[in-house]
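Asks: Have a look at this one before I ask anything.
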Amino acid sequence: MLKNFLASIKEDLLKQRQELKKQLEEIANKSARNQNGYEAKFPEYGDSEDENADEVATFIDTLSLEDNLETSLNNVEAALKKLEKGKYGLCEKCGQPINPKRLQALPQAKHCLDCHK
Ligand SMILES: [Zn+2]
């Protein structure tokens, strides 16, 4: 694969990683149990019943958002590791090169289009 292409992919991934970490840090704390993990923050609005109900509702939203962000972050980290090892752009299932257009649109893609179906 072209060096320029890989360099721009790497730049993309690094930007994504930074952005994802920033978003995660706003809604979550680093997990004490899992080094690379995060845990959604519980909001503090107040002690009234309404406020408590709002806190729970927000927390449930935060949980699923946190989950999505963390999954994305893990995928980005995995793609960066593959770049380092020179294994980037190969399908994890069939081992064939992934279409560069697909990689441009989704730099953290793990599978080629055929295997993704
Ligand atoms: Zn494949």
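Chains: A, B, ... in order of the structure tokens. Residues: from 1 per chain. Ligands: from 1, in order shown.
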Give as a count of residues only the residues surrounding ligand 1 up to a distance of 12 Å, considering only C-alpha atoms and all ligand atoms.

Replies: 20

Asks: Show me, as JSON, numbers by chain, the residues that have an atom within 10 Å of region 3-16 of chain A when counting only C-alpha atoms, minus same-chain residues fewer than 3 positions from it.

Replies: {"A": [19, 20, 21, 22, 72, 73, 75, 76, 77, 79, 80, 83, 84, 86, 88, 89, 100, 103, 104, 105, 106, 107, 108]}

Asks: Skipping near chain neighbours, those fewer than 2 positions away, what residues fall within 9 Å of region 37-40 of chain A using only C-alpha atoms, listed as a PDB file with C-alpha atoms, in the first residue's frame?

Replies:
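Contents of out33.pdb, freshly written:
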ATOM      1  CA  LEU A  24     -15.248  10.051  26.837  1.00  0.00           C
ATOM      2  CA  GLU A  25     -13.575  12.200  29.442  1.00  0.00           C
ATOM      3  CA  ILE A  27     -19.056  11.807  30.271  1.00  0.00           C
ATOM      4  CA  ALA A  28     -16.964   9.144  31.972  1.00  0.00           C
ATOM      5  CA  ASN A  29     -14.160   8.490  34.423  1.00  0.00           C
ATOM      6  CA  LYS A  30     -11.288   6.153  33.831  1.00  0.00           C
ATOM      7  CA  SER A  31     -12.252   2.764  35.116  1.00  0.00           C
ATOM      8  CA  ALA A  32     -10.492   1.535  38.230  1.00  0.00           C
ATOM      9  CA  ARG A  33     -11.044  -2.073  37.223  1.00  0.00           C
ATOM     10  CA  ASN A  34     -10.032  -1.946  33.588  1.00  0.00           C
ATOM     11  CA  GLN A  35      -6.908   0.004  32.610  1.00  0.00           C
ATOM     12  CA  PHE A  42     -23.390   9.574  37.392  1.00  0.00           C
ATOM     13  CA  PHE A  59     -27.243   8.138  33.306  1.00  0.00           C
ATOM     14  CA  THR A  62     -24.709   8.246  29.157  1.00  0.00           C
ATOM     15  CA  LEU A  63     -24.146   4.528  29.615  1.00  0.00           C
ATOM     16  CA  SER A  64     -25.014   3.649  26.043  1.00  0.00           C
ATOM     17  CA  LEU A  65     -23.134   6.646  24.656  1.00  0.00           C
ATOM     18  CA  GLU A  66     -20.109   5.696  26.735  1.00  0.00           C
ATOM     19  CA  ASP A  67     -20.350   2.153  25.460  1.00  0.00           C
ATOM     20  CA  GLU A  70     -15.441   3.057  24.042  1.00  0.00           C
TER      21      GLU A  70
END

Asks: Using DSSP on the backbone coordinates, identify all residues within chain A classified as helix (DSSP H, G or I); present the result as a PyMOL selection string.

Replies: chain A and resi 3-27+49-85+100-105+113-116

Asks: Please measure the separation of CA of Leu69 (chain A) and CA of Arg102 (chain A), giving the value in Å to one decimal.

Replies: 20.8 Å

Asks: List every residue of chain A that DSSP, applied to the backbone, labels as strand (DSSP E), and write the result as a list in words.

Replies: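 The strand (DSSP E) residues within chain A come out as Ala28, Asn29, Lys30, Tyr38, Glu39 and Ala40 of chain A.
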
Asks: Residues of the last selection are to be written out with C-alpha atoms, as a tab-separated table (two decimals), in the first residue's frame.

Replies:
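Okay, this is what ended up in out_1.tsv:
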chain	number	residue	atom	x	y	z
A	28	ALA	CA	-16.96	9.14	31.97
A	29	ASN	CA	-14.16	8.49	34.42
A	30	LYS	CA	-11.29	6.15	33.83
A	38	TYR	CA	-14.07	4.05	31.15
A	39	GLU	CA	-17.08	4.25	33.40
A	40	ALA	CA	-19.97	6.58	32.80

Asks: Which distance in Å separates CA of Asn36 (chain A) and CA of Arg17 (chain A), to one decimal?

Replies: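 Straight-line distance from CA of Asn36 (chain A) to CA of Arg17 (chain A) works out to 12.9 Å.
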